[in-house]
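Visitor: Next up, target37.cif (mmCIF, C-alpha atoms).
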```cif
data_model
#
loop_
_atom_site.label_atom_id
_atom_site.label_comp_id
_atom_site.auth_asym_id
_atom_site.auth_seq_id
_atom_site.Cartn_x
_atom_site.Cartn_y
_atom_site.Cartn_z
CA MET G 1 0.00 0.00 0.00
CA GLN G 2 1.53 3.33 -1.07
CA ASN G 3 1.09 6.20 1.37
CA PRO G 4 -0.07 9.62 0.13
CA LEU G 5 2.01 12.72 0.82
CA ASP G 6 1.86 13.99 4.38
CA PRO G 7 2.77 17.71 4.20
CA SER G 8 2.97 18.19 7.97
CA ALA G 9 5.28 15.17 8.37
CA LEU G 10 7.48 16.52 5.54
CA ASP G 11 7.54 20.00 7.11
CA ALA G 12 8.65 18.49 10.42
CA ALA G 13 11.24 16.21 8.78
CA ILE G 14 12.92 19.00 6.79
CA GLU G 15 12.98 21.28 9.85
CA ASN G 16 14.63 18.48 11.85
CA VAL G 17 17.54 18.32 9.36
CA HIS G 18 18.17 22.05 9.85
CA ARG G 19 17.93 21.66 13.62
CA ALA G 20 20.45 18.80 13.47
CA GLY G 21 23.05 21.28 12.21
CA LEU G 22 22.62 21.81 8.45
CA PRO G 23 22.57 25.55 7.62
CA GLY G 24 19.85 25.14 4.98
CA LEU G 25 18.08 22.69 2.68
CA PHE G 26 15.10 22.61 0.35
CA ALA G 27 13.11 19.90 -1.37
CA GLU G 28 10.23 18.95 -3.62
CA VAL G 29 8.24 15.73 -3.23
CA ARG G 30 5.63 14.58 -5.75
CA ASP G 31 2.99 11.90 -5.61
CA GLY G 32 1.05 11.90 -8.86
CA ASP G 33 -0.61 15.33 -9.01
CA GLN G 34 0.13 16.14 -5.38
CA VAL G 35 3.22 18.34 -4.86
CA TRP G 36 4.94 19.43 -1.64
CA ARG G 37 7.76 21.96 -1.62
CA GLY G 38 9.60 22.89 1.52
CA ALA G 39 12.70 24.67 2.82
CA ALA G 40 14.35 25.11 6.20
CA GLY G 41 17.23 27.21 7.45
CA THR G 42 19.43 29.88 5.92
CA ALA G 43 20.96 30.41 2.48
CA ASP G 44 23.54 32.79 3.94
CA VAL G 45 24.69 32.36 7.53
CA ALA G 46 26.15 35.89 7.60
CA THR G 47 22.90 37.68 6.71
CA GLY G 48 20.29 35.11 7.80
CA ARG G 49 18.72 35.16 4.32
CA PRO G 50 16.40 32.11 4.22
CA VAL G 51 16.56 29.26 1.72
CA THR G 52 13.53 28.84 -0.55
CA ALA G 53 12.33 25.76 -2.43
CA GLY G 54 12.79 27.39 -5.85
CA MET G 55 16.51 28.15 -5.51
CA ARG G 56 19.02 27.09 -8.16
CA HIS G 57 21.74 24.78 -6.91
CA ARG G 58 24.90 23.02 -8.02
CA VAL G 59 23.80 19.38 -8.25
CA GLY G 60 27.18 17.72 -8.80
CA SER G 61 27.16 14.15 -10.07
CA ILE G 62 23.43 14.15 -10.74
CA THR G 63 24.83 15.55 -14.02
CA LYS G 64 26.10 12.02 -14.74
CA THR G 65 22.56 10.84 -15.50
CA PHE G 66 22.26 13.62 -18.09
CA THR G 67 25.65 12.66 -19.60
CA ALA G 68 24.74 8.96 -19.69
CA ALA G 69 21.38 9.75 -21.34
CA ALA G 70 23.16 11.80 -24.04
CA VAL G 71 25.57 8.93 -24.74
CA LEU G 72 22.70 6.42 -24.94
CA GLN G 73 20.87 8.64 -27.46
CA LEU G 74 23.98 8.38 -29.65
CA VAL G 75 24.04 4.61 -29.11
CA GLU G 76 20.41 4.50 -30.32
CA SER G 77 21.33 6.38 -33.50
CA GLY G 78 24.30 4.08 -34.15
CA ARG G 79 26.96 6.76 -33.69
CA ILE G 80 28.46 5.13 -30.59
CA GLY G 81 28.66 1.45 -29.65
CA LEU G 82 27.94 0.72 -26.00
CA ASP G 83 30.32 -2.24 -26.00
CA THR G 84 32.91 -0.70 -28.34
CA PRO G 85 36.34 -0.10 -26.75
CA ILE G 86 37.00 3.52 -25.85
CA GLY G 87 40.40 3.21 -27.57
CA HIS G 88 38.51 2.96 -30.87
CA TYR G 89 37.19 6.51 -30.35
CA LEU G 90 39.84 8.16 -28.16
CA PRO G 91 43.13 6.29 -28.82
CA LYS G 92 45.31 9.16 -27.57
CA LEU G 93 43.50 9.51 -24.25
CA VAL G 94 43.32 5.78 -23.40
CA PRO G 95 46.08 4.17 -25.44
CA GLY G 96 47.17 0.59 -25.97
CA GLU G 97 45.77 -2.48 -24.26
CA ARG G 98 43.66 -0.55 -21.79
CA GLY G 99 41.98 1.41 -24.57
CA ALA G 100 41.17 -1.90 -26.25
CA ALA G 101 39.85 -3.48 -23.04
CA ILE G 102 37.74 -0.63 -21.60
CA THR G 103 34.35 -0.25 -23.30
CA VAL G 104 31.97 2.71 -23.32
CA ARG G 105 29.66 0.74 -20.99
CA MET G 106 32.50 0.26 -18.47
CA LEU G 107 33.01 4.03 -18.33
CA ILE G 108 29.31 4.69 -17.74
CA ASN G 109 28.98 2.08 -14.96
CA HIS G 110 32.39 2.70 -13.35
CA THR G 111 33.88 -0.73 -14.07
CA SER G 112 36.76 0.60 -16.21
CA GLY G 113 39.33 0.29 -13.42
CA LEU G 114 40.49 3.86 -14.12
CA ALA G 115 41.48 5.78 -10.99
CA GLU G 116 39.90 8.99 -9.71
CA TYR G 117 41.94 12.02 -10.82
CA LEU G 118 40.87 14.38 -8.00
CA PRO G 119 43.60 13.45 -5.47
CA TYR G 120 46.16 14.23 -8.20
CA ALA G 121 44.55 17.54 -9.23
CA TYR G 122 44.20 18.68 -5.59
CA PRO G 123 47.56 18.16 -3.80
CA SER G 124 46.08 18.39 -0.29
CA LEU G 125 43.75 15.46 -1.13
CA LYS G 126 46.60 13.22 -2.27
CA ALA G 127 46.17 10.78 0.63
CA TYR G 128 42.47 10.13 -0.19
CA PRO G 129 40.76 7.83 0.83
CA ALA G 130 42.86 8.17 4.04
CA LEU G 131 40.80 11.20 5.11
CA ALA G 132 42.82 12.04 8.24
CA ASP G 133 45.87 12.65 6.04
CA THR G 134 44.03 14.99 3.66
CA GLY G 135 43.46 18.72 4.10
CA PRO G 136 41.31 21.40 2.53
CA GLN G 137 44.09 23.85 1.50
CA SER G 138 44.01 23.12 -2.23
CA LEU G 139 40.23 23.62 -2.37
CA ASP G 140 40.97 27.28 -1.75
CA ASP G 141 43.99 27.34 -4.06
CA HIS G 142 41.92 26.06 -7.01
CA ARG G 143 38.83 28.25 -6.57
CA PHE G 144 39.50 30.01 -9.90
CA THR G 145 41.75 27.45 -11.59
CA ARG G 146 40.79 26.62 -15.18
CA PHE G 147 41.59 22.93 -15.51
CA ASP G 148 42.22 21.31 -18.89
CA PRO G 149 40.00 18.18 -19.09
CA THR G 150 42.58 16.18 -21.05
CA GLU G 151 45.17 16.86 -18.33
CA LEU G 152 42.72 15.67 -15.66
CA ILE G 153 42.01 12.53 -17.72
CA GLU G 154 45.74 11.88 -18.05
CA MET G 155 46.08 12.04 -14.24
CA GLY G 156 43.43 9.34 -13.89
CA VAL G 157 44.69 7.17 -16.75
CA THR G 158 48.34 7.24 -15.62
CA ALA G 159 47.50 6.65 -11.93
CA PRO G 160 47.63 3.04 -10.69
CA ALA G 161 44.53 1.15 -11.86
CA VAL G 162 41.87 0.46 -9.22
CA GLY G 163 40.62 -2.71 -10.94
CA ALA G 164 40.65 -4.74 -14.14
CA PRO G 165 38.43 -3.50 -17.00
CA GLY G 166 34.97 -4.97 -16.51
CA GLY G 167 35.81 -6.33 -13.04
CA THR G 168 33.45 -5.95 -10.11
CA PRO G 169 33.05 -4.31 -7.78
CA GLY G 170 33.78 -1.28 -9.90
CA VAL G 171 35.17 1.90 -8.34
CA TYR G 172 33.36 5.21 -8.80
CA SER G 173 35.65 7.57 -10.72
CA ASN G 174 35.10 10.97 -12.30
CA THR G 175 37.80 10.07 -14.84
CA ASN G 176 35.22 7.81 -16.53
CA TYR G 177 32.76 10.62 -17.10
CA LEU G 178 35.36 13.14 -18.28
CA LEU G 179 36.17 10.55 -20.97
CA LEU G 180 32.46 10.27 -21.85
CA VAL G 181 32.40 14.06 -22.27
CA GLN G 182 35.30 13.79 -24.74
CA LEU G 183 33.49 10.94 -26.51
CA LEU G 184 30.32 13.05 -26.85
CA GLU G 185 32.33 15.90 -28.34
CA GLN G 186 34.16 13.63 -30.79
CA ALA G 187 30.94 11.94 -31.91
CA THR G 188 28.87 15.11 -32.32
CA GLY G 189 31.38 17.75 -33.41
CA THR G 190 30.03 20.15 -30.78
CA THR G 191 30.67 20.74 -27.08
CA ALA G 192 29.19 18.30 -24.60
CA GLU G 193 27.45 21.21 -22.86
CA ARG G 194 25.72 22.22 -26.09
CA TYR G 195 24.77 18.66 -27.04
CA ILE G 196 23.40 17.78 -23.57
CA THR G 197 21.54 21.10 -23.39
CA ARG G 198 19.86 20.61 -26.76
CA ASN G 199 19.13 16.88 -26.56
CA VAL G 200 18.52 16.25 -22.86
CA ILE G 201 17.80 19.50 -20.98
CA GLU G 202 15.64 21.12 -23.67
CA ARG G 203 13.99 17.82 -24.60
CA ALA G 204 12.88 17.51 -20.99
CA GLY G 205 11.59 21.11 -20.98
CA LEU G 206 13.80 22.13 -18.06
CA ARG G 207 13.76 25.91 -17.61
CA ASP G 208 16.15 26.34 -14.69
CA THR G 209 18.87 23.83 -15.58
CA GLU G 210 22.12 24.89 -17.22
CA PHE G 211 25.85 24.42 -17.33
CA PRO G 212 27.70 27.34 -15.70
CA ALA G 213 29.48 29.75 -18.04
CA GLY G 214 31.78 30.94 -15.23
CA PRO G 215 32.32 30.49 -11.49
CA TYR G 216 28.97 31.99 -10.48
CA VAL G 217 25.46 30.54 -10.07
CA ASN G 218 22.93 32.67 -11.94
CA GLY G 219 19.62 33.49 -10.24
CA PRO G 220 18.49 32.99 -6.62
CA HIS G 221 20.74 30.47 -4.89
CA SER G 222 22.26 29.53 -1.55
CA GLN G 223 25.85 29.92 -0.42
CA LEU G 224 27.61 26.52 -0.21
CA TYR G 225 29.47 25.67 2.99
CA GLU G 226 32.32 23.16 2.96
CA ALA G 227 33.43 21.69 6.30
CA TRP G 228 35.89 19.03 5.02
CA PHE G 229 35.34 16.69 7.97
CA GLY G 230 35.63 19.48 10.54
CA MET G 231 38.96 20.76 9.18
CA ILE G 232 37.28 23.96 7.94
CA ASP G 233 35.67 25.52 11.00
CA PRO G 234 33.52 27.47 10.54
CA PRO G 235 32.64 25.94 7.13
CA ARG G 236 33.75 28.10 4.16
CA ASP G 237 31.51 29.36 1.36
CA TYR G 238 32.47 27.81 -1.99
CA SER G 239 29.40 28.88 -3.98
CA VAL G 240 31.69 30.94 -6.27
CA TYR G 241 33.92 28.28 -7.84
CA ASP G 242 35.27 27.43 -11.28
CA MET G 243 33.67 24.09 -12.11
CA SER G 244 36.25 22.95 -14.68
CA TRP G 245 37.56 20.56 -11.98
CA VAL G 246 34.64 18.30 -12.97
CA GLY G 247 33.54 19.87 -16.25
CA PRO G 248 30.25 18.85 -17.92
CA SER G 249 30.26 15.54 -16.05
CA ALA G 250 29.26 17.08 -12.69
CA SER G 251 28.76 20.84 -13.01
CA LEU G 252 25.04 21.29 -13.74
CA ILE G 253 23.01 23.95 -11.97
CA SER G 254 19.35 22.98 -11.50
CA THR G 255 16.34 23.19 -9.18
CA VAL G 256 14.55 20.46 -7.22
CA SER G 257 11.49 20.89 -9.49
CA ASP G 258 13.56 20.47 -12.66
CA LEU G 259 15.28 17.38 -11.25
CA ASN G 260 11.95 15.71 -10.51
CA ARG G 261 10.68 16.60 -13.97
CA PHE G 262 13.81 15.18 -15.62
CA TYR G 263 13.82 11.85 -13.76
CA GLY G 264 10.06 11.47 -14.25
CA LEU G 265 10.44 11.83 -18.03
CA LEU G 266 13.55 9.63 -18.12
CA LEU G 267 11.78 6.78 -16.33
CA ALA G 268 8.77 7.21 -18.64
CA GLY G 269 11.04 6.48 -21.63
CA GLU G 270 10.79 10.02 -23.00
CA ILE G 271 14.48 11.01 -22.88
CA VAL G 272 15.95 7.70 -24.06
CA SER G 273 14.11 4.71 -25.52
CA PRO G 274 12.60 2.05 -23.21
CA ALA G 275 15.37 -0.32 -24.40
CA SER G 276 18.06 2.20 -23.42
CA LEU G 277 16.34 2.80 -20.08
CA ALA G 278 16.46 -0.95 -19.44
CA GLN G 279 20.23 -0.83 -20.07
CA MET G 280 20.54 2.09 -17.63
CA GLN G 281 18.79 -0.02 -14.98
CA CYS G 282 21.17 -3.01 -15.34
CA THR G 283 23.34 -2.66 -12.24
CA VAL G 284 26.72 -3.88 -11.02
CA PRO G 285 28.32 -3.46 -7.58
CA VAL G 286 30.43 -0.28 -7.39
CA VAL G 287 32.44 1.18 -4.49
CA SER G 288 31.23 4.77 -4.01
CA GLN G 289 33.37 7.77 -3.05
CA GLU G 290 32.16 7.21 0.52
CA GLN G 291 33.75 3.72 0.28
CA LYS G 292 30.36 1.96 0.39
CA THR G 293 29.40 -0.71 -2.14
CA ILE G 294 26.27 0.32 -4.04
CA ASP G 295 24.40 -1.02 -7.06
CA TYR G 296 25.09 1.22 -10.06
CA GLY G 297 23.67 1.14 -13.57
CA LEU G 298 24.38 3.45 -16.49
CA GLY G 299 24.26 6.82 -14.75
CA LEU G 300 21.47 5.64 -12.41
CA HIS G 301 21.39 3.82 -9.11
CA PRO G 302 18.51 2.26 -7.17
CA MET G 303 17.30 2.82 -3.61
CA GLU G 304 14.81 0.51 -1.94
CA GLY G 305 12.95 0.49 1.35
CA PRO G 306 11.89 -2.82 2.86
CA GLY G 307 8.69 -3.95 1.15
CA GLN G 308 8.63 -0.76 -0.95
CA GLY G 309 9.05 -0.11 -4.66
CA THR G 310 12.44 0.61 -6.20
CA PHE G 311 13.44 4.24 -6.69
CA TRP G 312 15.97 5.28 -9.35
CA GLY G 313 18.10 8.40 -9.47
CA HIS G 314 21.46 9.83 -8.48
CA GLY G 315 23.16 11.89 -5.80
CA GLY G 316 25.75 14.58 -6.23
CA THR G 317 28.19 16.69 -4.24
CA VAL G 318 30.38 19.67 -5.02
CA TRP G 319 32.52 21.66 -2.62
CA GLY G 320 29.92 22.83 -0.10
CA GLY G 321 26.76 21.57 -1.77
CA GLY G 322 24.86 18.37 -2.35
CA ALA G 323 21.66 16.99 -3.82
CA LEU G 324 19.78 13.71 -4.15
CA ALA G 325 16.99 13.00 -6.65
CA MET G 326 15.05 9.70 -6.64
CA THR G 327 11.95 8.66 -8.59
CA ARG G 328 9.94 5.46 -8.07
CA ALA G 329 10.12 3.06 -11.01
CA ASP G 330 6.47 3.76 -11.89
CA GLY G 331 7.23 7.51 -11.96
CA LYS G 332 4.48 8.42 -9.49
CA ARG G 333 6.46 9.22 -6.34
CA GLN G 334 9.45 11.55 -6.57
CA MET G 335 11.87 13.32 -4.27
CA ALA G 336 14.59 15.90 -4.87
CA VAL G 337 16.53 17.37 -1.94
CA ALA G 338 19.31 20.01 -1.99
CA VAL G 339 21.63 20.81 0.95
CA ASN G 340 24.05 23.72 1.41
CA MET G 341 26.80 22.06 3.44
CA GLN G 342 29.05 19.06 2.81
CA ARG G 343 31.32 16.71 4.77
CA TRP G 344 29.97 17.72 8.18
CA ASN G 345 31.13 14.47 9.83
CA ARG G 346 34.25 14.94 11.94
CA LEU G 347 36.79 12.10 11.99
CA ASP G 348 37.27 9.74 14.92
CA SER G 349 40.69 8.70 16.25
CA SER G 350 40.97 6.03 13.54
CA GLY G 351 40.26 8.58 10.78
CA LYS G 352 36.71 7.39 10.02
CA PRO G 353 33.83 9.87 9.68
CA GLN G 354 31.81 9.89 12.91
CA PRO G 355 28.02 9.51 12.84
CA HIS G 356 26.21 12.87 12.91
CA ALA G 357 22.67 13.88 13.77
CA ILE G 358 22.37 15.41 10.27
CA ASP G 359 22.73 11.93 8.70
CA VAL G 360 19.96 10.51 10.90
CA ALA G 361 17.65 13.45 10.16
CA LEU G 362 18.32 13.33 6.40
CA ALA G 363 17.61 9.58 6.31
CA ALA G 364 14.31 10.26 8.12
CA LEU G 365 13.42 12.98 5.57
CA TYR G 366 14.17 10.61 2.67
CA ARG G 367 12.01 7.93 4.29
CA VAL G 368 9.02 10.25 4.74
CA ALA G 369 9.48 11.68 1.23
CA MET G 370 9.76 8.34 -0.56
CA TYR G 371 7.54 6.05 1.47
CA GLY G 372 5.24 8.29 3.55
#
```
Here is the file; what I need is its structure written in the form of structure tokens.

Guide:
Amino acid sequence: MQNPLDPSALDAAIENVHRAGLPGLFAEVRDGDQVWRGAAGTADVATGRPVTAGMRHRVGSITKTFTAAAVLQLVESGRIGLDTPIGHYLPKLVPGERGAAITVRMLINHTSGLAEYLPYAYPSLKAYPALADTGPQSLDDHRFTRFDPTELIEMGVTAPAVGAPGGTPGVYSNTNYLLLVQLLEQATGTTAERYITRNVIERAGLRDTEFPAGPYVNGPHSQLYEAWFGMIDPPRDYSVYDMSWVGPSASLISTVSDLNRFYGLLLAGEIVSPASLAQMQCTVPVVSQEQKTIDYGLGLHPMEGPGQGTFWGHGGTVWGGGALAMTRADGKRQMAVAVNMQRWNRLDSSGKPQPHAIDVALAALYRVAMYG
């Protein structure tokens, strides 16, 4: 039995996340024609300006679903082969045996074995995933750095492999999606931003979703507070940031309403064909950036509650901001949540992130939003 939306329970749940220590968050939950939008807390801790549910927000790796959908459209038209080696298309970027062994599919579902480039691009993160030995200094140093995507890819490709091509569990790596961006550009003769905008964003009728042209977020938005596991105290605002460190694979700006609209149309087979959607929902085990093993498809991953339907979507983080968008497989129930702080968990003596009341409160909000 599916529960209808309970606006008062959602109001209480979102307020509880703010009370648990998050500066601000906002969300939209849909159940058929019923829509709840809510916000709690501040968009700017210095002025007390409140967050509102219509704010634009950096949604990080939620962009990967858009990128994957664009690639699958090109697979449908025969311009890209899902199981063709990436070396066939980009021999200079992934040369030799690896280029012959890693397929387009392995990039999309993170089973390529290619390492994450970020610890190499950000010197103070070099020890990642040993969090206690990392520091936030280079986040500040690179606020206005214009990274070259091929140099970032080279860092990931030349780093020690994290697995064999096609092996499981895969390891989540932004290097994979930077390569998919290069593949999109090579196959279409235009920029990935332009292709994704025309064929995914505009096809979905999204009015508040765009790639940033510079380091600023256009329109009403929140500041974004990065805590880096308690090492930045008080958390620092990184809402003004050059997003070339992830490029068109994780730099989208959107709203919670647009995210729900996009995932609803995607799961209805209106962005890619039903056959492509079925491919997107074929999952493999992948180790996430939080070092947890999750099921991951082609730019989508599932979430399930006990005895409840499966939800599909993606999460995303940038420096200071995060979002999660999930839509039930039948498209009826949807949730999109945006938060304006990241990495609030301090580390214990062994260097592991400690549990935080924010995590408990967010999980409760997701539960009420998805299952009632």

Visitor: Please return the centre and edge lengths, in Å to one decimal, of a box with edges along x, y and z that contains all listed atoms of segment 167-180 of chain G, widened by 6 Å on every side, as lines of an AutoDock Vina configuration file.

Guide:
```
center_x = 35.1
center_y = 3.4
center_z = -14.8
size_x = 17.3
size_y = 31.5
size_z = 26.1
```

Visitor: Interatomic distance between atom CA of Glu202 of chain G and atom CA of Gln73 of chain G?

Guide: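 Computed distance, atom CA of Glu202 of chain G to atom CA of Gln73 of chain G, equals 14.1 Å.
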
Visitor: Per residue of segment 1-104 of chain G within 10 Å of segment 269-288 of chain G, note the shortest atom pair and the distance in Å to one decimal, counting all atoms listed in the file, and order the rows by chain and increasing residue number, as a tab-separated table.

Guide:
```
residue	atom	partner	partner_atom	distance
G:Thr65	CA	G:Met280	CA	9.2
G:Phe66	CA	G:Ile271	CA	9.5
G:Ala68	CA	G:Met280	CA	8.3
G:Ala69	CA	G:Val272	CA	6.4
G:Ala70	CA	G:Val272	CA	8.3
G:Val71	CA	G:Val272	CA	9.7
G:Leu72	CA	G:Ser276	CA	6.5
G:Gln73	CA	G:Val272	CA	6.1
G:Leu74	CA	G:Val272	CA	9.8
G:Val75	CA	G:Ser276	CA	8.6
G:Glu76	CA	G:Ser276	CA	7.6
G:Leu82	CA	G:Gln279	CA	9.8
```

Visitor: Determine, counting all atoms listed in the file, which protein, DNA and RNA residues have an atom within 10 Å of an atom of Pro123 of chain G; residues of the same chain fewer than 6 positions away are not included. Present the result as a list in words.

Guide: Thr134, Gly135, Pro136, Gln137, Ser138, Leu139 and Asp141 of chain G

Visitor: I'd like the interatomic distance between atom CA of Leu183 of chain G and atom CA of Ile102 of chain G, to a tenth of an Å.

Guide: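 That distance, rounded to one decimal, is 13.3 Å.
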
Visitor: Counting only C-alpha atoms, what is within 12 Å of Ser349 of chain G, bar same-chain residues fewer than 5 positions away, as a PDB file with C-alpha atoms, in the coordinates of the input?

Guide:
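Writing the result to part-v3.pdb gives the following:
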```pdb
ATOM      1  CA  LEU G 131      40.800  11.200   5.110  1.00  0.00           C
ATOM      2  CA  ALA G 132      42.820  12.040   8.240  1.00  0.00           C
ATOM      3  CA  GLN G 354      31.810   9.890  12.910  1.00  0.00           C
TER       4      GLN G 354
END
```

Visitor: Need to verify the contact set: Gly60 of chain G, 7 Å, only C-alpha atoms, exclusion of same-chain residues closer than 6 positions in sequence. Can you return it as a PyMOL selection string?

Guide: chain G and resi 250-252+316-318+322

Visitor: Using C-alpha atoms, can you write the selected residues to a file as a PDB file, keeping the file's coordinate frame?

Guide:
```pdb
ATOM      1  CA  ALA G 250      29.260  17.080 -12.690  1.00  0.00           C
ATOM      2  CA  SER G 251      28.760  20.840 -13.010  1.00  0.00           C
ATOM      3  CA  LEU G 252      25.040  21.290 -13.740  1.00  0.00           C
ATOM      4  CA  GLY G 316      25.750  14.580  -6.230  1.00  0.00           C
ATOM      5  CA  THR G 317      28.190  16.690  -4.240  1.00  0.00           C
ATOM      6  CA  VAL G 318      30.380  19.670  -5.020  1.00  0.00           C
ATOM      7  CA  GLY G 322      24.860  18.370  -2.350  1.00  0.00           C
TER       8      GLY G 322
END
```

Visitor: Please compute the atom CA of Ser8 of chain G-atom CA of Gly372 of chain G distance, one decimal, in Å.

Guide: 11.1 Å

Visitor: Mind checking which residues fall within 8 Å of Ala268 of chain G, counting only C-alpha atoms, ignoring those fewer than 4 positions away in the same chain, and posting them as number ranges by chain?

Guide: G: 264, 274, 330-331

Visitor: For segment 255-263 of chain G, please output as a VMD selection string all residues within 9 Å (counting only C-alpha atoms; exclusion window: fewer than 5 positions along the same chain).

Guide: chain G and resid 26 to 30 37 53 to 59 62 65 to 66 200 to 201 204 to 209 268 271 312 to 313 323 325 to 327 331 334 to 338

Visitor: Can you spell out as a VMD selection string the set of residues that the PyMOL selection byres ((chain G and resi 182) around 12) selects in the structure I just provided?

Guide: chain G and resid 67 71 86 89 to 94 104 107 148 to 150 152 to 153 175 to 181 183 to 193 195 247 to 249

Visitor: I'd like to know which of G:Gly24, G:Gly297, G:Pro50, G:Gly214 is closest to Ile108 of chain G, using all atoms listed in the file.

Guide: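 Closest candidate: G:Gly297.
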
Visitor: Carefully work through the PyMOL selection byres ((chain G and resi 11-13) around 9) for this structure and note down the residues it includes, as number ranges by chain.

Guide: G: 6-10, 14-17, 37-40, 361-362, 364-366, 368-369
